[in-house]
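In what follows, a structure is listed as structure tokens, so that the remarks can point back to it.
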Amino acid sequence: MSILGNRVLRKEDVGFLTEGACYTDDLDEPALAGALWVTYVRSTMAHAKIMVDASAASTMPGVAGVFTATDLDGPTILQGQVPMFPEAMLNRPILAIDTVRFVGECIAVVLSETPEEGADAAEVVAIDYEPLPVVVDMEEAATDSVLIYEEIGTNIAVDFSAMGMATGITDDSFFEDCEVVLSGRVPHQRTAPAPLEPRSTAAAWEGDKAIMWMSNQAPHGVKGALEPLYAEQAKGGFQVIVPDVGGGFGGKIPPYPEDALLPWLAAKAGRPVRWFETRTENLLAMGPGRAHVHRFTIGGNKDGDITHYRLEVLADSGAYTRLGAFLPMFTLIMSSGVYDIPNIETAAKSVVTNTTPTEAYRGAGRPEAALTIERAVDMFAAEIGMDAAEIRRKNYLQAPDFPVSTAVGTEYDSGDYEKSLELALQAAGYSDLRDEQTRRRENGEVVQLGIGIATYVEITAGPAPGGAEYGKVEITAEGKARVYSGSLSHGQSHQTTFAMIAADQLGMDIEDIELVQGDTDQVAEGVGTFGSRSTQLGGSSIHRAAGEVVESAKQIAADLLEANLDDIVLDHSNGTFHVSGTPAVNKTWADIAEEADDLSSESNEQTKCSYPFGTHVAVVEIDTETGGVTLDRMITCDDAGTIINPMIVEGQRHGGIAQGVAQALTEEVAYDSDGNPQSANFADYGIISMAELPSFELVPMETPTPNNPLGCKGIGESGAIGATPAVANAVVDGLSHLGIRNIDLPLSSRRVWESIQNQRD
């Protein structure tokens, strides 16, 4: 019997719950003995010319050095990852040279014996600011009324339509055959990844070899980005090591300027260096996500057939073009959602503003597409007086048609959207909920009930056509297995999932399988963990490599048993090789390993991306006197193809749902008109907690994908994609009898109350 599909306890948890995790700041490596502490001096203005005087800070107690951009004789620029933007926007100064462009940008750096001494010295670095005009709002930035890069002459970082990555927009004749046409604006506020562990990095030199330890999601990506900066110094190599990571959510994919400077600082000081940011620094300078404004037009007939859809995306890159500036690409290819809409137009632009540069955040472009199309469909249903569930049934892409291409050319692999809807509605008791809603409305009760539905589809291991991840399986001398992966677990349970995949192939106990990850010297290559790619790509490579090891082992077993290779079988129940029909005479993995010089196999299997989907139903109560929203129930049916370990999948779903609800109800990275952050700590940034969340009701469903040998799809981001529109739809649904058709996120008590008052006035 296969171990796959079973609820196997996480191997990771024994260590976490007994010894505890070892994060970058916890490291007690000999190579880091005597390390100096790094403190960055950050801009307090959003846009200004600067003059810096660090002389007073240099004489502070415990200070080993203070450096500004003029002091750097090493790397000064961190190149962007996506070379499709103007160079000045793309390549970010490691320390601001003469201009700062957002509050939190690094201006100077202090080396000190203790972090406290570094903080004291940073306070006395004198910075003379000559203010420049500030633009914070992305729609204002798109007008170019205030330019952030005068030499470029525009704030438009990229026009995706001009690059052929969007269909382009025609005129209103596009909708001339529609009986019903309505338009809307859907803002997607900035949200902070806010990982439990902020960013943390250390660096040291061993001769001419550079070693970096850091909290990150993609160690090989960090090496690829930073090694060229130190090509002259690091003749002995450039090693990146990632210990335990306390959350990433996309914000820890690429290296930041703060990371890039550390090897230079270590070389300059002749000592190792360490940096650990505060929570305020994290909220100021670690890349937030979302930050879109969408305008849509949707059209169809009065019977509920949706035939036309137009989506125009404006994305806020922040002051430099990091990953966030590229993410409209994912939004565009997923613009149609789960619906069979034959006519779709799309357009997208990214603009720079005087705010923190945006990065990928859980879902990265797909939650934006889902929220807008799901709000549009709900508004269309309200316009024609059709139930939210019925309009979805009427317009879904149908299960027998898969694989199916959408009107924007995205090919979905497998799906049954209507089944996910019916399962979720059944679990929710949809009819009874509607009856209760009607009763409260008829009685004019203060607390009204809202029911929100959202069916989503997303792309994982994308963009299309797919990708690959390095995997290696080797048999040790003891007859156990060691698995190497270029993926990087930072909460996703690779130690368990990958062991299960290898165990299924090798016939071993998962306790006999070790995972090696997060060290560029030990793992030959890799891409990393993001985009819900790990199991379908990394897992598929391990599946293939383990299978190849079995085939090699069978040849050795055939020689040892003096039998024909075709007659050798692996008994998966006990991990022994024998001639078919004679299990009593066998060879163990230890026997095989004793005869083999190297029993291992590598794989970088290329597999197509996949398209998980599901339906979320949110039930909310709304106090119409205060605007307070309470999430009463959250029912979700998330389909991620073949499930390797249901317990791990449920954990991923829980985390994603919580973050999706947070975007709907509480979280927003806000700025005032001068570019000053209004949410630089957890007192101001409304991070979600258990107090705002009910117990989630998870409905299982599995529709395997043909696109990889495991049949699995990604699950890490699905909850964050479906939950936000479900909650948004629920709140508007609960107030629809008052004539309310839309409320911008997050749905704070004040915002909801004002919408009610405006409608009553």
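Numbering starts fresh at 1 for the residues of each chain in the structure tokens, the chains themselves are lettered A, B, ... in the order given, and ligands are numbered from 1 as they appear.
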
Under the rule of at most 7 Å, produce a per-residue listing of segment 488-560 of chain A near segment 235-243 of chain A: chain, number, name, the closest pair of atoms, and the distance in Å, as a Markdown table, using only C-alpha atoms.
| residue | atom | partner | partner_atom | distance |
| --- | --- | --- | --- | --- |
| A:Gly518 | CA | A:Val242 | CA | 4.8 |
| A:Asp519 | CA | A:Ile241 | CA | 4.4 |
| A:Thr520 | CA | A:Val240 | CA | 5.5 |
| A:Asp521 | CA | A:Gln239 | CA | 6.1 |

Written file, previous selection with all heavy atoms, as an mmCIF file, in the first residue's frame:
data_model
loop_
_atom_site.group_PDB
_atom_site.id
_atom_site.type_symbol
_atom_site.label_atom_id
_atom_site.label_comp_id
_atom_site.auth_asym_id
_atom_site.auth_seq_id
_atom_site.Cartn_x
_atom_site.Cartn_y
_atom_site.Cartn_z
ATOM 1 N N GLY A 518 18.915 24.073 1.021
ATOM 2 C CA GLY A 518 19.300 25.368 1.566
ATOM 3 C C GLY A 518 20.781 25.627 1.682
ATOM 4 O O GLY A 518 21.193 26.485 2.458
ATOM 5 N N ASP A 519 21.607 24.934 0.902
ATOM 6 C CA ASP A 519 23.050 25.158 0.938
ATOM 7 C C ASP A 519 23.568 25.007 -0.490
ATOM 8 O O ASP A 519 23.539 23.911 -1.060
ATOM 9 C CB ASP A 519 23.733 24.161 1.866
ATOM 10 C CG ASP A 519 25.215 24.450 2.070
ATOM 11 O OD1 ASP A 519 25.854 24.993 1.151
ATOM 12 O OD2 ASP A 519 25.739 24.112 3.150
ATOM 13 N N THR A 520 24.025 26.086 -1.071
ATOM 14 C CA THR A 520 24.431 26.047 -2.477
ATOM 15 C C THR A 520 25.705 25.238 -2.704
ATOM 16 O O THR A 520 26.001 24.885 -3.849
ATOM 17 C CB THR A 520 24.621 27.467 -3.032
ATOM 18 O OG1 THR A 520 25.629 28.153 -2.274
ATOM 19 C CG2 THR A 520 23.316 28.247 -2.969
ATOM 20 N N ASP A 521 26.451 24.935 -1.654
ATOM 21 C CA ASP A 521 27.613 24.051 -1.805
ATOM 22 C C ASP A 521 27.208 22.581 -1.789
ATOM 23 O O ASP A 521 27.865 21.739 -2.408
ATOM 24 C CB ASP A 521 28.629 24.302 -0.688
ATOM 25 C CG ASP A 521 29.588 25.436 -1.032
ATOM 26 O OD1 ASP A 521 29.313 26.168 -2.012
ATOM 27 O OD2 ASP A 521 30.591 25.599 -0.323
#

Which of segment 185-226 of chain A counts as helix (DSSP H, G or I) under DSSP, as a PyMOL selection string please? chain A and resi 219-226

Those same residues - all heavy atoms - I'd like them written as an mmCIF file, in the first residue's frame.
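As written to disk, part-v5.cif reads:
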data_model
loop_
_atom_site.group_PDB
_atom_site.id
_atom_site.type_symbol
_atom_site.label_atom_id
_atom_site.label_comp_id
_atom_site.auth_asym_id
_atom_site.auth_seq_id
_atom_site.Cartn_x
_atom_site.Cartn_y
_atom_site.Cartn_z
ATOM 1 N N PRO A 219 17.927 30.160 -2.202
ATOM 2 C CA PRO A 219 19.367 30.388 -2.018
ATOM 3 C C PRO A 219 20.167 30.444 -3.316
ATOM 4 O O PRO A 219 21.098 31.252 -3.431
ATOM 5 C CB PRO A 219 19.803 29.212 -1.138
ATOM 6 C CG PRO A 219 18.699 28.206 -1.221
ATOM 7 C CD PRO A 219 17.455 28.978 -1.463
ATOM 8 N N HIS A 220 19.823 29.613 -4.295
ATOM 9 C CA HIS A 220 20.561 29.663 -5.556
ATOM 10 C C HIS A 220 20.283 30.955 -6.306
ATOM 11 O O HIS A 220 21.152 31.468 -7.020
ATOM 12 C CB HIS A 220 20.222 28.449 -6.421
ATOM 13 C CG HIS A 220 20.811 27.170 -5.908
ATOM 14 N ND1 HIS A 220 20.161 26.373 -4.981
ATOM 15 C CD2 HIS A 220 21.986 26.542 -6.176
ATOM 16 C CE1 HIS A 220 20.906 25.328 -4.707
ATOM 17 N NE2 HIS A 220 22.017 25.401 -5.410
ATOM 18 N N GLY A 221 19.075 31.494 -6.140
ATOM 19 C CA GLY A 221 18.770 32.785 -6.737
ATOM 20 C C GLY A 221 19.584 33.900 -6.115
ATOM 21 O O GLY A 221 20.047 34.813 -6.809
ATOM 22 N N VAL A 222 19.772 33.842 -4.809
ATOM 23 C CA VAL A 222 20.611 34.825 -4.130
ATOM 24 C C VAL A 222 22.047 34.729 -4.629
ATOM 25 O O VAL A 222 22.686 35.739 -4.940
ATOM 26 C CB VAL A 222 20.560 34.618 -2.604
ATOM 27 C CG1 VAL A 222 21.583 35.508 -1.909
ATOM 28 C CG2 VAL A 222 19.163 34.897 -2.073
ATOM 29 N N LYS A 223 22.541 33.509 -4.731
ATOM 30 C CA LYS A 223 23.902 33.325 -5.230
ATOM 31 C C LYS A 223 24.046 33.881 -6.638
ATOM 32 O O LYS A 223 25.018 34.585 -6.953
ATOM 33 C CB LYS A 223 24.266 31.839 -5.216
ATOM 34 C CG LYS A 223 25.671 31.552 -5.741
ATOM 35 C CD LYS A 223 26.009 30.077 -5.676
ATOM 36 C CE LYS A 223 27.412 29.826 -6.247
ATOM 37 N NZ LYS A 223 27.792 28.405 -6.186
ATOM 38 N N GLY A 224 23.072 33.588 -7.493
ATOM 39 C CA GLY A 224 23.135 34.078 -8.858
ATOM 40 C C GLY A 224 23.111 35.590 -8.951
ATOM 41 O O GLY A 224 23.731 36.180 -9.842
ATOM 42 N N ALA A 225 22.403 36.243 -8.014
ATOM 43 C CA ALA A 225 22.297 37.694 -8.038
ATOM 44 C C ALA A 225 23.516 38.384 -7.435
ATOM 45 O O ALA A 225 23.942 39.442 -7.920
ATOM 46 C CB ALA A 225 21.040 38.133 -7.293
ATOM 47 N N LEU A 226 24.087 37.784 -6.386
ATOM 48 C CA LEU A 226 25.151 38.474 -5.643
ATOM 49 C C LEU A 226 26.556 38.032 -6.019
ATOM 50 O O LEU A 226 27.507 38.822 -5.895
ATOM 51 C CB LEU A 226 24.935 38.281 -4.140
ATOM 52 C CG LEU A 226 23.616 38.801 -3.565
ATOM 53 C CD1 LEU A 226 23.638 38.721 -2.046
ATOM 54 C CD2 LEU A 226 23.320 40.209 -4.030
#

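The residue that comes closest to Cys712 of chain A, out of A:Ala370, A:Ala141, A:Ala96, A:Ala461 and on the basis of only C-alpha atoms, is A:Ala461.
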
Looking at only C-alpha atoms, which of A:Thr576, A:Ser414, A:Ser601, A:Thr705 is the one that sits closest to Val483 of chain A?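 Selected residue with least distance to Val483 of chain A: A:Ser601.
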
Could you name the residues that touch Met386 of chain A at 12 Å or less, counting only C-alpha atoms, but leaving out those on the same chain fewer than 5 positions away, as a ChimeraX atom specification? /A:301-305,377-381,391-394

Find, counting only C-alpha atoms, the residue in A:Gln522, A:Thr630, A:Thr331, A:Thr476 that gets nearest to Pro463 of chain A. A:Thr331

Just list the residues in segment 252-480 of chain A DSSP gives strand (DSSP E or B) on the backbone, as a ChimeraX atom specification. /A:273-276,289,292-300,306-318,339,343-352,396,404-405,411-412,447-457,460,466-467,471-475

Go through A:Thr167, A:Thr68, A:Ser493, A:Ser43 and flag the residue nearest Ile344 of chain A, using only C-alpha atoms for the distances. A:Thr167

Please compute the atom CA of Asp733 of chain A-atom CA of Ile451 of chain A distance, one decimal, in Å.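 Taking atom CA of Asp733 of chain A as the start and atom CA of Ile451 of chain A as the end point, the length is 6.2 Å.
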
Exercise: Leu95 of chain A partners within 12 Å, only C-alpha atoms, chain neighbours under 4 positions left out, as a ChimeraX atom specification: /A:40-43,50,52,67-72,74-78,91,99-101,104-109,256-261

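In this model, the gap between atom CA of Ala56 of chain A and atom CA of Ala126 of chain A comes to 8.1 Å.
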
Under the rule that only C-alpha atoms are counted, which of A:Ser350, A:Thr355, A:Ser420, A:Thr280 is the nearest residue to Phe613 of chain A?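 Comparing A:Ser350, A:Thr355, A:Ser420, A:Thr280 against Phe613 of chain A, the winner is A:Ser420.
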
Taking only C-alpha atoms into account, which of A:Leu36, A:Leu9, A:Leu397, A:Ile211 comes nearest Val273 of chain A?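 The shortest atom-to-atom distance to Val273 of chain A comes from A:Leu36.
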
Identify, on the basis of only C-alpha atoms, every residue whose closest approach to Gly528 of chain A does not exceed 7 Å; exclude the query and any residue fewer than 6 positions from it along the same chain; express the result as an MDAnalysis selection string. chainID A and resid 217:219 486:488

Write out, as a tab-separated table (two decimals), in the first residue's frame, the residues just selected, with all heavy atoms.
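This went into result.tsv:
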chain	number	residue	atom	x	y	z
A	217	GLN	N	13.99	32.43	0.50
A	217	GLN	CA	13.22	31.36	-0.13
A	217	GLN	C	13.94	30.71	-1.31
A	217	GLN	O	13.46	29.70	-1.83
A	217	GLN	CB	11.88	31.92	-0.63
A	217	GLN	CG	11.01	32.49	0.46
A	217	GLN	CD	9.78	33.20	-0.08
A	217	GLN	OE1	9.42	34.26	0.37
A	217	GLN	NE2	9.09	32.60	-1.04
A	218	ALA	N	15.05	31.29	-1.76
A	218	ALA	CA	15.69	30.81	-2.99
A	218	ALA	C	17.19	31.02	-2.92
A	218	ALA	O	17.73	31.96	-3.52
A	218	ALA	CB	15.10	31.54	-4.19
A	219	PRO	N	17.93	30.16	-2.20
A	219	PRO	CA	19.37	30.39	-2.02
A	219	PRO	C	20.17	30.44	-3.32
A	219	PRO	O	21.10	31.25	-3.43
A	219	PRO	CB	19.80	29.21	-1.14
A	219	PRO	CG	18.70	28.21	-1.22
A	219	PRO	CD	17.45	28.98	-1.46
A	486	GLY	N	16.63	21.47	-4.77
A	486	GLY	CA	16.86	22.89	-4.99
A	486	GLY	C	15.71	23.75	-4.51
A	486	GLY	O	15.80	24.97	-4.49
A	487	SER	N	14.63	23.11	-4.13
A	487	SER	CA	13.53	23.81	-3.50
A	487	SER	C	13.93	24.14	-2.06
A	487	SER	O	14.94	23.65	-1.57
A	487	SER	CB	12.27	22.94	-3.55
A	487	SER	OG	11.15	23.64	-3.09
A	488	LEU	N	13.14	24.95	-1.38
A	488	LEU	CA	13.53	25.39	-0.03
A	488	LEU	C	12.31	25.45	0.86
A	488	LEU	O	11.42	26.28	0.66
A	488	LEU	CB	14.22	26.75	-0.12
A	488	LEU	CG	14.99	27.30	1.08
A	488	LEU	CD1	14.08	27.80	2.19
A	488	LEU	CD2	15.95	26.27	1.66

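Straight-line separation from atom CA of Tyr484 of chain A to atom CA of Val523 of chain A: 6.2 Å.
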
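Neighbouring residues of segment 117-121 of chain A at 10 Å or closer, counting only C-alpha atoms and skipping chain neighbours under 3 positions away, are Leu36, Trp37, Val38, Thr39, Tyr40, Val41, Ala54, Ala56, Ala57, Ser58, Thr59, Met60, Pro61, Gly62, Val63, Ala64, Gly65, Val66, Val109, Val110, Leu111, Ser112, Glu113, Thr114, Val124 and Val125 of chain A.
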